[in-house]
Structure formats: C-alpha cells, structure tokens
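> For reference, this is final_23.txt, and it has compact mmCIF, C-alpha atoms.
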```txt
# COMPACT_ATOMS: atom_id res chain seq x y z
CA GLY A 1 -21.09 3.64 14.22
CA VAL A 2 -24.11 3.93 11.96
CA ALA A 3 -24.33 4.98 8.30
CA ARG A 4 -27.69 6.09 6.99
CA GLY A 5 -28.84 6.32 3.38
CA GLY A 6 -32.11 8.00 2.47
CA SER A 7 -34.19 9.83 -0.06
CA SER A 8 -36.21 13.01 0.22
CA GLY A 9 -39.83 12.90 -0.79
CA GLY A 10 -41.46 15.34 -3.16
CA ALA A 11 -43.39 18.43 -2.18
CA GLY A 12 -46.43 17.60 -0.14
CA GLY A 13 -48.88 19.01 2.33
CA THR A 14 -50.11 22.58 2.39
CA GLY A 15 -47.79 25.31 1.33
CA GLY A 16 -45.69 22.93 -0.82
CA ARG A 17 -43.38 22.01 2.05
CA MET A 18 -40.75 19.36 1.34
CA ALA A 19 -41.24 16.06 3.12
CA CYS A 20 -38.54 14.99 5.57
CA PRO A 21 -35.89 12.65 4.12
CA THR A 22 -36.74 9.03 4.77
CA PRO A 23 -33.93 6.52 5.44
CA LEU A 24 -33.86 3.72 2.90
CA ARG A 25 -31.41 1.67 4.96
CA VAL A 26 -29.50 1.94 8.19
CA LEU A 27 -26.14 0.17 8.12
CA SER A 28 -24.83 -0.63 11.58
CA GLY A 29 -21.96 -2.72 12.83
CA HIS A 30 -19.02 -0.49 13.78
CA ARG A 31 -18.36 -0.58 17.51
CA GLY A 32 -16.62 2.83 17.51
CA PRO A 33 -17.77 6.20 16.13
CA LEU A 34 -17.86 6.56 12.36
CA GLN A 35 -15.05 8.77 11.04
CA CYS A 36 -15.30 8.74 7.23
CA LEU A 37 -17.03 7.06 4.31
CA CYS A 38 -16.93 6.91 0.52
CA LEU A 39 -19.80 5.93 -1.78
CA SER A 40 -19.01 4.37 -5.17
CA THR A 41 -22.06 4.20 -7.40
CA GLU A 42 -19.82 2.89 -10.19
CA LEU A 43 -18.85 -0.21 -8.20
CA GLY A 44 -22.03 -0.36 -6.10
CA LEU A 45 -20.27 -0.28 -2.75
CA LEU A 46 -19.87 1.86 0.33
CA LEU A 47 -16.59 2.03 2.25
CA THR A 48 -16.82 3.11 5.89
CA GLY A 49 -14.09 3.91 8.41
CA ALA A 50 -14.43 4.16 12.18
CA ALA A 51 -12.44 4.46 15.38
CA PRO A 52 -11.83 1.41 17.58
CA ALA A 53 -14.34 0.83 20.33
CA ARG A 54 -13.46 2.85 23.42
CA GLY A 55 -11.79 0.80 26.13
CA ALA A 56 -11.27 -2.21 23.86
CA PRO A 57 -8.20 -4.41 24.47
CA PRO A 58 -5.27 -4.26 21.99
CA ALA A 59 -6.05 -5.59 18.53
CA ALA A 60 -5.04 -9.06 17.44
CA SER A 61 -2.83 -9.51 14.40
CA PRO A 62 -4.54 -8.52 11.09
CA ASP A 63 -6.58 -11.17 9.36
CA ALA A 64 -8.61 -11.39 6.17
CA GLY A 65 -11.79 -10.02 7.75
CA ARG A 66 -15.20 -11.62 7.91
CA GLU A 67 -17.35 -11.83 4.81
CA GLU A 68 -20.95 -11.82 3.60
CA ALA A 69 -23.57 -11.31 6.30
CA ALA A 70 -26.98 -9.70 6.25
CA SER A 71 -26.34 -8.08 9.65
CA VAL A 72 -23.10 -7.80 11.55
CA THR A 73 -21.48 -6.58 14.73
CA LEU A 74 -17.86 -5.82 13.96
CA GLY A 75 -15.10 -6.53 16.42
CA PRO A 76 -13.83 -3.64 18.57
CA HIS A 77 -10.78 -3.18 16.32
CA GLU A 78 -12.39 -3.85 12.95
CA CYS A 79 -12.32 -0.25 11.76
CA VAL A 80 -13.04 -0.45 8.02
CA ALA A 81 -15.99 -2.16 6.36
CA VAL A 82 -17.29 -2.67 2.81
CA TRP A 83 -21.05 -2.69 2.13
CA ALA A 84 -23.08 -3.51 -1.00
CA VAL A 85 -25.14 -0.46 -1.96
CA PRO A 86 -28.06 -2.16 -3.80
CA ASN A 87 -29.21 -4.20 -0.79
CA GLY A 88 -27.25 -2.69 2.12
CA ARG A 89 -25.54 -6.01 2.76
CA PHE A 90 -22.29 -6.19 4.73
CA VAL A 91 -19.61 -7.59 2.41
CA ARG A 92 -16.41 -7.71 4.44
CA SER A 93 -14.16 -5.95 6.88
CA LEU A 94 -10.64 -4.91 5.90
CA PRO A 95 -7.62 -5.70 8.10
CA VAL A 96 -7.19 -2.18 9.46
CA HIS A 97 -7.17 -2.09 13.26
CA GLU A 98 -6.71 1.58 14.15
CA ARG A 99 -8.76 4.72 13.60
CA ALA A 100 -9.48 5.38 9.92
CA VAL A 101 -9.11 9.07 9.09
CA ALA A 102 -9.84 8.86 5.34
CA VAL A 103 -11.17 6.31 2.85
CA ALA A 104 -11.48 6.47 -0.94
CA VAL A 105 -12.41 4.28 -3.90
CA ALA A 106 -10.48 4.36 -7.18
CA HIS A 107 -13.26 3.34 -9.58
CA ALA A 108 -11.22 2.80 -12.72
CA SER A 109 -8.59 0.56 -11.10
CA GLN A 110 -11.04 -0.96 -8.58
CA ARG A 111 -8.87 -0.22 -5.57
CA LEU A 112 -9.82 0.72 -2.01
CA LEU A 113 -7.65 3.22 -0.13
CA VAL A 114 -7.58 3.70 3.63
CA ALA A 115 -5.55 6.15 5.71
CA THR A 116 -5.02 5.89 9.44
CA GLN A 117 -3.09 8.20 11.73
CA ARG A 118 0.11 6.28 10.98
CA SER A 119 -0.26 4.53 7.62
CA VAL A 120 -1.91 4.38 4.19
CA HIS A 121 -3.24 1.10 2.79
CA VAL A 122 -4.46 -0.03 -0.62
CA PHE A 123 -6.68 -3.09 -1.12
CA SER A 124 -8.30 -4.83 -4.05
CA VAL A 125 -12.10 -4.75 -4.17
CA SER A 126 -12.03 -8.35 -2.93
CA GLY A 127 -10.20 -7.17 0.21
CA ARG A 128 -6.69 -8.37 -0.62
CA PRO A 129 -3.96 -6.11 0.83
CA LEU A 130 -1.76 -4.75 -1.96
CA ALA A 131 0.48 -2.11 -0.37
CA VAL A 132 1.02 -0.11 2.80
CA VAL A 133 3.25 2.89 3.58
CA SER A 134 3.87 5.03 6.64
CA PRO A 135 4.16 8.69 5.57
CA ASP A 136 6.25 11.00 7.73
CA ARG A 137 3.30 13.42 7.90
CA GLY A 138 -0.30 12.82 8.93
CA VAL A 139 -2.82 12.10 6.17
CA GLY A 140 -6.14 13.94 6.13
CA ARG A 141 -7.81 13.16 2.81
CA ILE A 142 -7.37 10.95 -0.28
CA VAL A 143 -8.60 11.74 -3.82
CA PRO A 144 -7.87 9.24 -6.63
CA THR A 145 -7.38 10.48 -10.20
CA ILE A 146 -10.05 9.73 -12.78
CA ASP A 147 -7.97 6.95 -14.36
CA GLY A 148 -7.42 5.22 -11.02
CA GLU A 149 -3.64 5.23 -11.38
CA LEU A 150 -2.61 8.00 -8.97
CA ALA A 151 -3.95 9.53 -5.77
CA LEU A 152 -3.55 12.94 -4.16
CA LEU A 153 -3.22 12.92 -0.38
CA SER A 154 -3.06 15.73 2.13
CA GLU A 155 0.06 15.03 4.18
CA GLY A 156 0.59 17.68 6.85
CA SER A 157 1.09 21.00 5.07
CA ALA A 158 1.79 19.32 1.72
CA LEU A 159 -0.13 17.77 -1.15
CA ALA A 160 1.39 14.41 -2.09
CA VAL A 161 0.99 12.47 -5.33
CA ARG A 162 1.33 8.70 -4.93
CA ARG A 163 1.00 5.79 -7.34
CA ILE A 164 -1.97 3.71 -6.20
CA SER A 165 -0.53 0.31 -7.13
CA ASP A 166 2.37 0.52 -4.66
CA LEU A 167 1.76 3.90 -2.90
CA GLN A 168 5.16 5.16 -4.03
CA LEU A 169 5.59 8.89 -3.50
CA LEU A 170 6.01 10.53 -6.92
CA HIS A 171 5.89 14.20 -5.97
CA ARG A 172 5.09 16.42 -3.02
CA TYR A 173 3.76 19.98 -3.38
CA ASP A 174 4.81 21.95 -0.31
CA LEU A 175 2.19 24.60 0.39
CA GLU A 176 4.73 26.74 2.20
CA ALA A 177 6.43 27.28 -1.16
CA GLY A 178 3.06 28.40 -2.51
CA GLY A 179 2.70 31.18 0.07
CA ALA A 180 0.97 29.42 2.96
CA ALA A 181 2.12 30.31 6.45
CA SER A 182 4.97 28.20 7.75
CA GLY A 183 3.65 24.84 8.89
CA ALA A 184 0.00 25.68 8.16
CA PRO A 185 -1.75 22.29 7.89
CA LEU A 186 -3.78 21.45 4.83
CA ARG A 187 -7.47 21.46 5.82
CA ALA A 188 -9.24 20.67 2.54
CA PHE A 189 -8.50 20.07 -1.11
CA SER A 190 -10.26 18.98 -4.26
CA LEU A 191 -9.26 17.80 -7.71
CA SER A 192 -11.08 18.91 -10.84
CA ALA A 193 -12.99 16.24 -12.76
CA GLU A 194 -10.33 15.87 -15.45
CA ASN A 195 -7.33 16.21 -13.11
CA HIS A 196 -6.39 19.61 -14.56
CA HIS A 197 -6.41 21.63 -11.33
CA ALA A 198 -6.07 20.97 -7.60
CA PHE A 199 -7.40 23.43 -5.01
CA ALA A 200 -5.81 23.36 -1.56
CA GLY A 201 -7.00 25.29 1.50
CA THR A 202 -4.89 25.68 4.65
CA ALA A 203 -5.64 26.40 8.30
CA ASP A 204 -4.42 30.01 7.94
CA GLY A 205 -7.15 30.77 5.38
CA GLY A 206 -4.92 30.45 2.34
CA LEU A 207 -6.01 28.92 -0.98
CA THR A 208 -3.47 27.53 -3.43
CA ILE A 209 -4.38 26.42 -6.96
CA TYR A 210 -2.14 23.98 -8.82
CA ALA A 211 -2.40 23.65 -12.60
CA ASN A 212 -1.93 20.14 -13.98
CA PRO A 213 -0.78 18.66 -10.64
CA VAL A 214 -0.78 15.07 -11.94
CA VAL A 215 -0.77 15.32 -15.74
CA GLY A 216 2.95 16.14 -15.91
CA ILE A 217 3.75 13.25 -13.57
CA GLN A 218 1.66 10.86 -15.68
CA VAL A 219 3.55 11.94 -18.81
CA LEU A 220 6.91 11.34 -17.10
CA GLU A 221 5.72 7.93 -15.91
CA ARG A 222 4.77 6.92 -19.46
CA LEU A 223 8.10 8.16 -20.85
CA ALA A 224 10.03 6.23 -18.21
CA SER A 225 8.03 3.08 -18.98
CA GLU A 226 8.69 3.45 -22.72
CA LEU A 227 12.42 3.93 -22.14
CA LEU A 228 12.57 0.80 -20.00
CA ASN A 229 10.87 -1.16 -22.80
CA LEU A 230 13.33 -0.03 -25.50
```
If you convert what's in this file into structure tokens, what do you get?


Amino acid sequence: GVARGGSSGGAGGTGGRMACPTPLRVLSGHRGPLQCLCLSTELGLLLTGAAPARGAPPAASPDAGREEAASVTLGPHECVAVWAVPNGRFVRSLPVHERAVAVAVAHASQRLLVATQRSVHVFSVSGRPLAVVSPDRGVGRIVPTIDGELALLSEGSALAVRRISDLQLLHRYDLEAGGAASGAPLRAFSLSAENHHAFAGTADGGLTIYANPVVGIQVLERLASELLNL
C-alpha cells in the first residue's frame, strides 16, 4: 500500500491551465492494499490502515510494533501504521493484525482509533493499547467529537456513541426507528463541527438528521460523575 501527499502548482503555461499536482512525499511500507487513512494536522501525524498481504501465513501474537525508521517494509500482518507528517518518517506500527476498515484520530485527547471487521481498538499516540471491544455489528466509519471524549461509529444500520477512553457503548441510534428501510446499512455519516447535528445516509437512499446526538449524553455523563463525587 502506498500513501501519497502532494501539492498543486499555480496557474502556468498558456491559457492559464493549472499545473498537475506534484507529490511531496510517497509513503510506502504496507504489504497489502491501503484501506483507509486519517490525517491529523493538529498532531502532525498520518494514520494508515491496510489489509494483510494476500497469501500471507497467519499472524503472530500482537506485539508493540516497530518504531522510528526512515523507510520501512511492514510485515504481512502489520495493518496499521503511524507516520510523521512534517518529514514523512515512519513512526511505528500498531498491533492490529487484520484488515483495517476505519481509522480516526481524536486530537483533543490524543487517541488513535482503529476498526477492523471484528473489533474496535483505541491506542495512545505513543502506540500503547488502551481498550478493545467487539461490536455485534460491523463498523464502517469512526468520527471523534471535538473534545476527544466520545466517538460516533457506524455499526450496521445504527449510529453508535462510545466513550473513547474505554469504548463503552453509551447509546445507539437505530436508523430503522428513524424511517430507514428495515436492515438498510449505514453507508455514510458526518458530525457537525460543534457536535450539534449528525447526518446519516443509508443504502436505501435515506438521510436521517439527528439533533444534539452527543450533547445530551455528555450532560448525563457529567451529572453522573458529579453524583458519584457527592
């Protein structure tokens, strides 16, 4: 797998035609095809997820991953890698040994999130595993909230809200209740910049809009914490 970063030049030549984008760096190392990536300009890193190399033998038990190299060839079952954006340097691999379907970076809490076909993982920026869960529905996308405390995940035909620190399920919005066809999988969703609205699109062409999908949950979390501290 190869990730390319580039810039487009200004207008040039006759007729004011735009110059072709020129790659600034080409990051290579994944043995399998690239599946997903997430760029964090706030933390200066790029998180990439790939599939295992085709025909590779079963993965060994997870380890801490290799660190700090100018160029790297990842193992056939090293499916998630962290790169430094300023110089394109490989930083480390994360101990995820099956196809990554979604990756995300929670900037405020400095956490890395990875979803595979069977599990969801959260790591510290230094690569330390913090939590893992196995949802009963397949995950398609992860979007952290602006404060880095919660994450929205597409899980089958539902939109799930999980706490990032331990991946505990706090609430699940079933799109069928919102008018989507029975069992219609969630294809895409986005969260507004201030977490006020979530927009969810399903395979049957439906669009569901949720008002304050996480704000109410955050309020309840704070109230519960205050009651425990009384």

> With distances taken over only C-alpha atoms, which residue among A:His30, A:His171, A:Arg163, A:Arg137 lies nearest Cys79 in chain A?

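Nearest candidate to Cys79 in chain A out of A:His30, A:His171, A:Arg163, A:Arg137: A:His30.
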
> Would you mind telling me which residue in A:Arg99, A:Arg118, A:Arg172, A:Arg162 lies nearest to Gly32 in chain A when using only C-alpha atoms?

A:Arg99

> Find, counting only C-alpha atoms, the residue in A:Val96, A:Ala158, A:Ala211, A:Cys20 that gets nearest to Ala51 in chain A.

A:Val96

> Go through A:Ile209, A:Ala200, A:Leu112, A:Leu46 one by one, measure the shortest atom-to-atom distance of each to Gly156 in chain A using all atoms listed in the file, and give the residue with the smallest value.

A:Ala200

> Expressed in Å to a single decimal, how great is the separation between CA of Gly88 in chain A and CA of Leu47 in chain A?

11.7 Å

> Write out as a ChimeraX atom specification each polymer residue whose atoms come within 8 Å of Cys36 in chain A, counting all atoms listed in the file; drop sequence neighbours fewer than 2 positions from it.

/A:34,38,48-50,100-103

> Could the residues in this selection be saved with C-alpha atoms as a CSV table (one decimal), keeping the file's coordinate frame?


```csv
chain,number,residue,atom,x,y,z
A,34,LEU,CA,-17.9,6.6,12.4
A,38,CYS,CA,-16.9,6.9,0.5
A,48,THR,CA,-16.8,3.1,5.9
A,49,GLY,CA,-14.1,3.9,8.4
A,50,ALA,CA,-14.4,4.2,12.2
A,100,ALA,CA,-9.5,5.4,9.9
A,101,VAL,CA,-9.1,9.1,9.1
A,102,ALA,CA,-9.8,8.9,5.3
A,103,VAL,CA,-11.2,6.3,2.8
```

> For a quick check of understanding, using all atoms listed in the file, which of A:Leu175, A:Leu167, A:Leu113, A:Ile146 has the smallest distance to Ala193 in chain A?

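Among A:Leu175, A:Leu167, A:Leu113, A:Ile146, it is A:Ile146 that comes nearest to Ala193 in chain A.
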
> Kindly indicate which residue among A:Ala108, A:Val85, A:Val125, A:Val132 lies nearest to Leu24 in chain A, using all atoms listed in the file for the distances.

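Ranked by minimum distance to Leu24 in chain A, first place goes to A:Val85.
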
> State, in Å with one decimal place, the distance from CA of Asn212 in chain A to CA of Leu169 in chain A.

17.1 Å

> Excluding range 40-44 of chain A and its own-chain neighbours fewer than 5 positions away, which residues fall within 7 Å of it when counting only C-alpha atoms? Please give them as a ChimeraX atom specification.

/A:84-86,105,107

> Counting all atoms listed in the file, which residues sit no farther than 10 Å from the position (-4.6, 3.6, -11.3) in the file's frame? I'd like them as an MDAnalysis selection string.

chainID A and resid 106:111 144:151 163:165

> List the neighbours of Trp83 in chain A out to 6 Å using all atoms listed in the file; skip same-chain residues closer than 5 positions along the sequence, and give me the result as JSON, numbers by chain.

{"A": [45, 46, 89, 90, 91]}

> Please indicate the distance in Å from CA of Arg128 in chain A to CA of Pro33 in chain A, rounded to one decimal place.

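If I compute the distance from CA of Arg128 in chain A to CA of Pro33 in chain A, I get 24.8 Å.
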
> Would you fill the gaps in range 115-132 of chain A so it has N, CA and C atoms, then print it as a PDB file, keeping the file's coordinate frame?


```pdb
ATOM      1  N   ALA A 115      -6.613   5.491   4.948  1.00  0.00           N
ATOM      2  CA  ALA A 115      -5.550   6.150   5.710  1.00  0.00           C
ATOM      3  C   ALA A 115      -5.897   6.117   7.183  1.00  0.00           C
ATOM      4  N   THR A 116      -4.897   5.802   7.996  1.00  0.00           N
ATOM      5  CA  THR A 116      -5.020   5.890   9.440  1.00  0.00           C
ATOM      6  C   THR A 116      -4.090   7.005   9.917  1.00  0.00           C
ATOM      7  N   GLN A 117      -3.965   7.163  11.201  1.00  0.00           N
ATOM      8  CA  GLN A 117      -3.090   8.200  11.730  1.00  0.00           C
ATOM      9  C   GLN A 117      -1.621   7.918  11.450  1.00  0.00           C
ATOM     10  N   ARG A 118      -1.297   6.647  11.145  1.00  0.00           N
ATOM     11  CA  ARG A 118       0.110   6.280  10.980  1.00  0.00           C
ATOM     12  C   ARG A 118       0.440   5.632   9.649  1.00  0.00           C
ATOM     13  N   SER A 119      -0.554   5.281   8.834  1.00  0.00           N
ATOM     14  CA  SER A 119      -0.260   4.530   7.620  1.00  0.00           C
ATOM     15  C   SER A 119      -1.334   4.735   6.553  1.00  0.00           C
ATOM     16  N   VAL A 120      -0.976   4.369   5.316  1.00  0.00           N
ATOM     17  CA  VAL A 120      -1.910   4.380   4.190  1.00  0.00           C
ATOM     18  C   VAL A 120      -1.901   2.991   3.581  1.00  0.00           C
ATOM     19  N   HIS A 121      -3.089   2.451   3.313  1.00  0.00           N
ATOM     20  CA  HIS A 121      -3.240   1.100   2.790  1.00  0.00           C
ATOM     21  C   HIS A 121      -3.972   1.136   1.462  1.00  0.00           C
ATOM     22  N   VAL A 122      -3.667   0.168   0.592  1.00  0.00           N
ATOM     23  CA  VAL A 122      -4.460  -0.030  -0.620  1.00  0.00           C
ATOM     24  C   VAL A 122      -4.845  -1.507  -0.685  1.00  0.00           C
ATOM     25  N   PHE A 123      -6.126  -1.744  -1.030  1.00  0.00           N
ATOM     26  CA  PHE A 123      -6.680  -3.090  -1.120  1.00  0.00           C
ATOM     27  C   PHE A 123      -7.350  -3.270  -2.481  1.00  0.00           C
ATOM     28  N   SER A 124      -7.444  -4.524  -2.908  1.00  0.00           N
ATOM     29  CA  SER A 124      -8.300  -4.830  -4.050  1.00  0.00           C
ATOM     30  C   SER A 124      -9.754  -4.789  -3.593  1.00  0.00           C
ATOM     31  N   VAL A 125     -10.681  -4.764  -4.531  1.00  0.00           N
ATOM     32  CA  VAL A 125     -12.100  -4.750  -4.170  1.00  0.00           C
ATOM     33  C   VAL A 125     -12.475  -6.019  -3.397  1.00  0.00           C
ATOM     34  N   SER A 126     -11.756  -7.101  -3.646  1.00  0.00           N
ATOM     35  CA  SER A 126     -12.030  -8.350  -2.930  1.00  0.00           C
ATOM     36  C   SER A 126     -11.430  -8.364  -1.527  1.00  0.00           C
ATOM     37  N   GLY A 127     -10.733  -7.273  -1.133  1.00  0.00           N
ATOM     38  CA  GLY A 127     -10.200  -7.170   0.210  1.00  0.00           C
ATOM     39  C   GLY A 127      -8.763  -7.614   0.368  1.00  0.00           C
ATOM     40  N   ARG A 128      -8.081  -7.916  -0.721  1.00  0.00           N
ATOM     41  CA  ARG A 128      -6.690  -8.370  -0.620  1.00  0.00           C
ATOM     42  C   ARG A 128      -5.754  -7.190  -0.406  1.00  0.00           C
ATOM     43  N   PRO A 129      -4.916  -7.200   0.636  1.00  0.00           N
ATOM     44  CA  PRO A 129      -3.960  -6.110   0.830  1.00  0.00           C
ATOM     45  C   PRO A 129      -2.934  -6.081  -0.292  1.00  0.00           C
ATOM     46  N   LEU A 130      -2.680  -4.890  -0.846  1.00  0.00           N
ATOM     47  CA  LEU A 130      -1.760  -4.750  -1.960  1.00  0.00           C
ATOM     48  C   LEU A 130      -0.510  -3.943  -1.600  1.00  0.00           C
ATOM     49  N   ALA A 131      -0.669  -2.941  -0.742  1.00  0.00           N
ATOM     50  CA  ALA A 131       0.480  -2.110  -0.370  1.00  0.00           C
ATOM     51  C   ALA A 131       0.142  -1.326   0.883  1.00  0.00           C
ATOM     52  N   VAL A 132       1.189  -0.953   1.618  1.00  0.00           N
ATOM     53  CA  VAL A 132       1.020  -0.110   2.800  1.00  0.00           C
ATOM     54  C   VAL A 132       2.283   0.729   2.952  1.00  0.00           C
TER      55      VAL A 132
END
```
